[in-house]
$ cat my_file.pdb   # PDB, C-alpha atoms
MODEL        1
ATOM      1  CA  ALA G   1      57.306   1.052 -31.304
ATOM      2  CA  THR G   2      55.395   2.273 -28.306
ATOM      3  CA  THR G   3      56.667   1.133 -24.945
ATOM      4  CA  ALA G   4      54.988   1.174 -21.565
ATOM      5  CA  ALA G   5      56.974   4.285 -20.653
ATOM      6  CA  THR G   6      55.779   6.223 -23.703
ATOM      7  CA  ALA G   7      52.256   4.807 -24.096
ATOM      8  CA  ALA G   8      49.447   7.329 -23.983
ATOM      9  CA  PRO G   9      47.611   7.269 -20.655
ATOM     10  CA  THR G  10      44.266   5.488 -20.739
ATOM     11  CA  ALA G  11      41.348   7.570 -19.553
ATOM     12  CA  ALA G  12      39.589   6.251 -16.455
ATOM     13  CA  PRO G  13      36.007   5.164 -17.075
ATOM     14  CA  VAL G  14      33.374   7.798 -16.437
ATOM     15  CA  CYS G  15      30.347   7.073 -14.272
ATOM     16  CA  PHE G  16      27.175   7.731 -16.254
ATOM     17  CA  ILE G  17      25.373   8.978 -13.110
ATOM     18  CA  CYS G  18      27.841  11.484 -11.596
ATOM     19  CA  GLY G  19      30.019  12.039 -14.691
ATOM     20  CA  GLU G  20      33.267  11.566 -12.748
ATOM     21  CA  SER G  21      36.214   9.351 -13.642
ATOM     22  CA  LYS G  22      36.049   6.614 -11.036
ATOM     23  CA  THR G  23      36.335   2.892 -10.613
ATOM     24  CA  ILE G  24      33.283   1.425 -12.266
ATOM     25  CA  GLU G  25      31.425  -1.721 -11.224
ATOM     26  CA  GLN G  26      28.565  -3.803 -12.560
ATOM     27  CA  VAL G  27      25.006  -3.037 -11.489
ATOM     28  CA  ALA G  28      24.489  -6.814 -11.268
ATOM     29  CA  VAL G  29      26.809  -9.798 -11.342
ATOM     30  CA  GLU G  30      25.995 -13.235 -12.716
ATOM     31  CA  THR G  31      25.163 -15.707  -9.982
ATOM     32  CA  GLY G  32      22.993 -18.751  -9.805
ATOM     33  CA  GLY G  33      22.900 -22.377  -8.999
ATOM     34  CA  GLU G  34      21.511 -25.681 -10.100
ATOM     35  CA  HIS G  35      17.960 -24.462 -10.804
ATOM     36  CA  PHE G  36      18.581 -20.856 -11.757
ATOM     37  CA  VAL G  37      21.108 -18.641 -13.506
ATOM     38  CA  LYS G  38      20.566 -14.907 -13.280
ATOM     39  CA  ASN G  39      20.753 -12.870 -16.469
ATOM     40  CA  VAL G  40      22.207  -9.408 -15.943
ATOM     41  CA  CYS G  41      21.758  -6.133 -17.808
ATOM     42  CA  GLY G  42      25.463  -5.305 -18.146
ATOM     43  CA  HIS G  43      25.175  -1.675 -17.028
ATOM     44  CA  GLU G  44      27.878  -0.066 -14.904
ATOM     45  CA  ALA G  45      28.368   2.951 -12.646
ATOM     46  CA  CYS G  46      30.675   3.973  -9.801
ATOM     47  CA  SER G  47      30.211   2.255  -6.445
ATOM     48  CA  GLU G  48      29.277   5.490  -4.645
ATOM     49  CA  CYS G  49      26.449   6.236  -7.080
ATOM     50  CA  LEU G  50      25.203   2.641  -7.026
ATOM     51  CA  GLU G  51      25.210   2.614  -3.217
ATOM     52  CA  SER G  52      23.218   5.858  -3.162
ATOM     53  CA  TRP G  53      20.831   4.594  -5.857
ATOM     54  CA  VAL G  54      20.069   1.418  -3.876
ATOM     55  CA  ALA G  55      19.468   3.433  -0.692
ATOM     56  CA  ALA G  56      17.119   5.863  -2.454
ATOM     57  CA  GLN G  57      15.147   3.079  -4.149
ATOM     58  CA  LEU G  58      14.723   1.169  -0.886
ATOM     59  CA  GLU G  59      13.370   4.290   0.808
ATOM     60  CA  GLU G  60      10.439   4.258  -1.625
ATOM     61  CA  GLN G  61       9.821   0.566  -2.417
ATOM     62  CA  ASP G  62      10.793  -3.059  -1.724
ATOM     63  CA  PHE G  63      12.816  -3.505  -4.916
ATOM     64  CA  VAL G  64      15.607  -1.810  -6.851
ATOM     65  CA  ASN G  65      15.664  -1.328 -10.602
ATOM     66  CA  CYS G  66      18.790  -0.669 -12.645
ATOM     67  CA  PRO G  67      19.506   3.084 -12.608
ATOM     68  CA  PHE G  68      19.880   3.250 -16.402
ATOM     69  CA  PRO G  69      16.893   4.883 -18.113
ATOM     70  CA  ASP G  70      14.615   2.386 -19.879
ATOM     71  CA  CYS G  71      16.423  -0.641 -18.381
ATOM     72  CA  LYS G  72      13.889  -3.130 -17.024
ATOM     73  CA  PHE G  73      16.398  -5.147 -14.952
ATOM     74  CA  ARG G  74      15.476  -5.546 -11.290
ATOM     75  CA  LEU G  75      18.369  -6.168  -8.904
ATOM     76  CA  TYR G  76      18.444  -9.456  -7.026
ATOM     77  CA  PRO G  77      19.058  -9.611  -3.265
ATOM     78  CA  ASP G  78      22.725 -10.555  -3.734
ATOM     79  CA  ASP G  79      23.238  -7.428  -5.884
ATOM     80  CA  ILE G  80      21.604  -5.250  -3.236
ATOM     81  CA  GLU G  81      23.791  -6.787  -0.521
ATOM     82  CA  ARG G  82      26.950  -6.248  -2.609
ATOM     83  CA  LEU G  83      26.116  -2.638  -3.488
ATOM     84  CA  ASN G  84      24.764  -1.483  -0.111
ATOM     85  CA  ALA G  85      25.427  -3.905   2.752
ATOM     86  CA  GLU G  86      24.255  -1.316   5.277
ATOM     87  CA  ARG G  87      20.693  -1.280   3.875
ATOM     88  CA  TYR G  88      20.570  -4.995   3.067
ATOM     89  CA  GLU G  89      19.435  -6.214   6.521
ATOM     90  CA  SER G  90      16.375  -3.952   6.645
ATOM     91  CA  TYR G  91      15.602  -4.877   3.028
ATOM     92  CA  LYS G  92      15.799  -8.587   3.915
ATOM     93  CA  GLU G  93      13.465  -8.084   6.894
ATOM     94  CA  ARG G  94      10.879  -6.429   4.653
ATOM     95  CA  LEU G  95      11.080  -9.323   2.189
ATOM     96  CA  THR G  96      10.396 -11.929   4.831
ATOM     97  CA  LYS G  97       7.430 -10.255   6.507
ATOM     98  CA  ASP G  98       4.191 -12.215   6.630
ATOM     99  CA  PHE G  99       1.683 -11.287   3.923
ATOM    100  CA  SER G 100      -1.269 -13.272   5.356
ATOM    101  CA  VAL G 101      -3.509 -10.230   5.829
ATOM    102  CA  HIS G 102      -2.912  -8.859   2.323
ATOM    103  CA  THR G 103      -3.399 -12.268   0.707
ATOM    104  CA  ALA G 104      -6.655 -12.779   2.635
ATOM    105  CA  GLU G 105      -7.899  -9.371   1.407
ATOM    106  CA  VAL G 106      -7.154 -10.294  -2.216
ATOM    107  CA  LYS G 107      -8.917 -13.658  -1.838
ATOM    108  CA  ALA G 108     -11.930 -11.911  -0.272
ATOM    109  CA  MET G 109     -12.111  -9.568  -3.289
ATOM    110  CA  ALA G 110     -11.975 -12.629  -5.563
ATOM    111  CA  GLU G 111     -15.125 -13.998  -3.932
ATOM    112  CA  GLN G 112     -16.963 -10.995  -5.403
ATOM    113  CA  ASP G 113     -15.213 -11.147  -8.805
ATOM    114  CA  GLU G 114     -15.375 -14.404 -10.754
ATOM    115  CA  GLU G 115     -12.751 -13.278 -13.291
ATOM    116  CA  LEU G 116     -10.270 -12.465 -10.527
ATOM    117  CA  LYS G 117     -11.069 -15.755  -8.806
ATOM    118  CA  ASP G 118     -10.308 -17.699 -12.022
ATOM    119  CA  PHE G 119      -7.082 -15.755 -12.576
ATOM    120  CA  LEU G 120      -5.870 -16.412  -9.027
ATOM    121  CA  ALA G 121      -6.649 -20.129  -9.334
ATOM    122  CA  GLU G 122      -4.805 -20.491 -12.639
ATOM    123  CA  PHE G 123      -1.818 -18.150 -12.326
ATOM    124  CA  THR G 124      -1.069 -17.662  -8.621
ATOM    125  CA  ARG G 125      -0.004 -19.585  -5.543
ATOM    126  CA  VAL G 126       0.559 -18.502  -1.954
ATOM    127  CA  CYS G 127       4.103 -18.952  -0.650
ATOM    128  CA  PRO G 128       3.946 -21.540   2.140
ATOM    129  CA  GLU G 129       6.572 -19.592   4.104
ATOM    130  CA  CYS G 130       5.585 -15.897   3.998
ATOM    131  CA  ASN G 131       2.074 -16.061   2.466
ATOM    132  CA  VAL G 132       2.829 -13.625  -0.337
ATOM    133  CA  LEU G 133       0.761 -14.130  -3.469
ATOM    134  CA  ILE G 134       3.022 -15.246  -6.340
ATOM    135  CA  GLU G 135       2.050 -14.841  -9.989
ATOM    136  CA  ARG G 136       3.559 -17.156 -12.599
ATOM    137  CA  ILE G 137       2.688 -16.831 -16.259
ATOM    138  CA  GLU G 138       5.398 -19.140 -17.644
ATOM    139  CA  GLY G 139       8.527 -21.009 -16.646
ATOM    140  CA  CYS G 140       9.391 -24.135 -14.741
ATOM    141  CA  ASP G 141       7.571 -25.426 -11.671
ATOM    142  CA  TRP G 142      10.424 -24.688  -9.240
ATOM    143  CA  ILE G 143       9.747 -21.367  -7.498
ATOM    144  CA  ARG G 144      12.014 -19.186  -5.380
ATOM    145  CA  CYS G 145       9.927 -16.676  -3.472
ATOM    146  CA  ARG G 146      11.056 -13.170  -2.570
ATOM    147  CA  CYS G 147      11.555 -14.485   0.993
ATOM    148  CA  ALA G 148      14.064 -17.038  -0.425
ATOM    149  CA  TYR G 149      11.813 -20.051   0.263
ATOM    150  CA  GLU G 150      11.968 -22.562  -2.603
ATOM    151  CA  PHE G 151       9.106 -24.892  -3.475
ATOM    152  CA  CYS G 152       7.283 -26.754  -6.239
ATOM    153  CA  TRP G 153       4.558 -24.725  -7.977
ATOM    154  CA  MET G 154       2.347 -27.792  -8.287
ATOM    155  CA  CYS G 155       2.448 -29.344  -4.789
ATOM    156  CA  LEU G 156       3.857 -26.369  -2.789
ATOM    157  CA  SER G 157       6.437 -28.640  -1.183
ATOM    158  CA  PRO G 158      10.131 -27.826  -0.753
ATOM    159  CA  ASP G 159      10.766 -31.565  -1.219
ATOM    160  CA  CYS G 160       8.685 -32.172  -4.316
ATOM    161  CA  THR G 161       7.775 -35.737  -5.154
ATOM    162  CA  CYS G 162       4.826 -34.961  -7.423
ATOM    163  CA  ASP G 163       6.859 -34.857 -10.669
ATOM    164  CA  GLY G 164       4.443 -32.248 -11.966
ATOM    165  CA  GLU G 165       1.434 -34.489 -11.344
ATOM    166  CA  TYR G 166      -0.840 -32.277  -9.275
TER
ENDMDL
END

$ encode --input "my_file.pdb" --output "structure tokens"
Amino acid sequence: ATTAATAAPTAAPVCFICGESKTIEQVAVETGGEHFVKNVCGHEACSECLESWVAAQLEEQDFVNCPFPDCKFRLYPDDIERLNAERYESYKERLTKDFSVHTAEVKAMAEQDEELKDFLAEFTRVCPECNVLIERIEGCDWIRCRCAYEFCWMCLSPDCTCDGEY
């Protein structure tokens, strides 16, 4: 019988990014609440590589994708905060900026393009908090914007009483 003293040592997990044996953590962790439960991709890497990945992604754009090739998972704000707290505050500030000018430009273009105008009317709403244009193709009527404001898709209210009757 094998005992703890004679058991073969278990190899430490290897980070797929740097190739070193390190403590590995999830790219994303399951969180959620009453209206929403986040699905995660299940990929893992070492904390140093994930921290660097988040920093590099945020230098170029306002979102972070999973570092695994061909993975379509986009990290949620709580994942970004967990993996790189130092960069999280500036990321959060960018998410809550006012998009009024951009949204007005898109609506002005729609006045010249009937197809775009119809698409915007059917599939988009403007967040009442930050004025970003939100596209929804399917799903429930409860929306959580990138700025963290939550509202009803139909009546745009955070205290919906429309029961889907718009």

$ residues_near_point --input "my_file.pdb" --point "(20.7, -9.8, -5.4)" --cutoff "10 Å" --atoms "all atoms listed in the file" --output "mmCIF file with C-alpha atoms, in the coordinates of the input"
data_model
loop_
_atom_site.group_PDB
_atom_site.id
_atom_site.type_symbol
_atom_site.label_atom_id
_atom_site.label_comp_id
_atom_site.auth_asym_id
_atom_site.auth_seq_id
_atom_site.Cartn_x
_atom_site.Cartn_y
_atom_site.Cartn_z
ATOM 1 C CA ALA G 28 24.489 -6.814 -11.268
ATOM 2 C CA VAL G 29 26.809 -9.798 -11.342
ATOM 3 C CA GLU G 30 25.995 -13.235 -12.716
ATOM 4 C CA THR G 31 25.163 -15.707 -9.982
ATOM 5 C CA LYS G 38 20.566 -14.907 -13.280
ATOM 6 C CA VAL G 64 15.607 -1.810 -6.851
ATOM 7 C CA ARG G 74 15.476 -5.546 -11.290
ATOM 8 C CA LEU G 75 18.369 -6.168 -8.904
ATOM 9 C CA TYR G 76 18.444 -9.456 -7.026
ATOM 10 C CA PRO G 77 19.058 -9.611 -3.265
ATOM 11 C CA ASP G 78 22.725 -10.555 -3.734
ATOM 12 C CA ASP G 79 23.238 -7.428 -5.884
ATOM 13 C CA ILE G 80 21.604 -5.250 -3.236
ATOM 14 C CA GLU G 81 23.791 -6.787 -0.521
ATOM 15 C CA ARG G 82 26.950 -6.248 -2.609
ATOM 16 C CA LEU G 83 26.116 -2.638 -3.488
ATOM 17 C CA TYR G 88 20.570 -4.995 3.067
#

$ residues_around --input "my_file.pdb" --residues "His102 (chain G)" --least-positions-apart "2" --cutoff "12 Å" --atoms "all atoms listed in the file" --output "JSON, numbers by chain"
{"G": [97, 98, 99, 100, 104, 105, 106, 107, 108, 109, 126, 130, 131, 132, 133]}

$ write_last_selection --input "my_file.pdb" --atoms "C-alpha atoms" --output "compact mmCIF listing (two decimals), in the coordinates of the input"
# COMPACT_ATOMS: atom_id res chain seq x y z
CA LYS G 97 7.43 -10.26 6.51
CA ASP G 98 4.19 -12.22 6.63
CA PHE G 99 1.68 -11.29 3.92
CA SER G 100 -1.27 -13.27 5.36
CA ALA G 104 -6.66 -12.78 2.64
CA GLU G 105 -7.90 -9.37 1.41
CA VAL G 106 -7.15 -10.29 -2.22
CA LYS G 107 -8.92 -13.66 -1.84
CA ALA G 108 -11.93 -11.91 -0.27
CA MET G 109 -12.11 -9.57 -3.29
CA VAL G 126 0.56 -18.50 -1.95
CA CYS G 130 5.58 -15.90 4.00
CA ASN G 131 2.07 -16.06 2.47
CA VAL G 132 2.83 -13.62 -0.34
CA LEU G 133 0.76 -14.13 -3.47

$ residues_near_point --input "my_file.pdb" --point "(12.7, -24.1, -2.8)" --cutoff "12 Å" --atoms "only C-alpha atoms" --output "CSV table (one decimal) with C-alpha atoms, in the coordinates of the input"
chain,number,residue,atom,x,y,z
G,34,GLU,CA,21.5,-25.7,-10.1
G,35,HIS,CA,18.0,-24.5,-10.8
G,36,PHE,CA,18.6,-20.9,-11.8
G,127,CYS,CA,4.1,-19.0,-0.6
G,128,PRO,CA,3.9,-21.5,2.1
G,129,GLU,CA,6.6,-19.6,4.1
G,141,ASP,CA,7.6,-25.4,-11.7
G,142,TRP,CA,10.4,-24.7,-9.2
G,143,ILE,CA,9.7,-21.4,-7.5
G,144,ARG,CA,12.0,-19.2,-5.4
G,145,CYS,CA,9.9,-16.7,-3.5
G,146,ARG,CA,11.1,-13.2,-2.6
G,147,CYS,CA,11.6,-14.5,1.0
G,148,ALA,CA,14.1,-17.0,-0.4
G,149,TYR,CA,11.8,-20.1,0.3
G,150,GLU,CA,12.0,-22.6,-2.6
G,151,PHE,CA,9.1,-24.9,-3.5
G,152,CYS,CA,7.3,-26.8,-6.2
G,153,TRP,CA,4.6,-24.7,-8.0
G,155,CYS,CA,2.4,-29.3,-4.8
G,156,LEU,CA,3.9,-26.4,-2.8
G,157,SER,CA,6.4,-28.6,-1.2
G,158,PRO,CA,10.1,-27.8,-0.8
G,159,ASP,CA,10.8,-31.6,-1.2
G,160,CYS,CA,8.7,-32.2,-4.3

$ atom_distance --input "my_file.pdb" --atom1 "CA of Val40 (chain G)" --atom2 "CA of Val27 (chain G)"
8.3 Å

$ atom_distance --input "my_file.pdb" --atom1 "CA of Cys71 (chain G)" --atom2 "CA of Glu44 (chain G)"
12.0 Å

$ closest_residue --input "my_file.pdb" --among "G:Leu95, G:Ile134, G:Met154, G:Cys66" --to "Cys41 (chain G)" --atoms "only C-alpha atoms"
G:Cys66

$ atom_distance --input "my_file.pdb" --atom1 "CA of Phe123 (chain G)" --atom2 "CA of Thr103 (chain G)"
14.4 Å

$ resolve_selection --input "my_file.pdb" --expression "the PyMOL selection byres ((chain G and resi 91) around 9)" --output "list in words"
Leu58, Asp62, Phe63, Pro77, Ile80, Arg87, Tyr88, Glu89, Ser90, Lys92, Glu93, Arg94, Leu95 and Thr96 of chain G

$ residues_around --input "my_file.pdb" --residues "region 16-25 of chain G" --least-positions-apart "5" --cutoff "8 Å" --atoms "all atoms listed in the file" --output "list in words"
Glu44, Ala45, Cys46, Ser47 and Cys49 of chain G

$ closest_residue --input "my_file.pdb" --among "G:Asp70, G:Glu111, G:Glu86, G:Glu135" --to "Ala55 (chain G)" --atoms "only C-alpha atoms"
G:Glu86

$ closest_residue --input "my_file.pdb" --among "G:Ala121, G:Leu50, G:Ala85, G:Leu116" --to "Cys15 (chain G)" --atoms "all atoms listed in the file"
G:Leu50
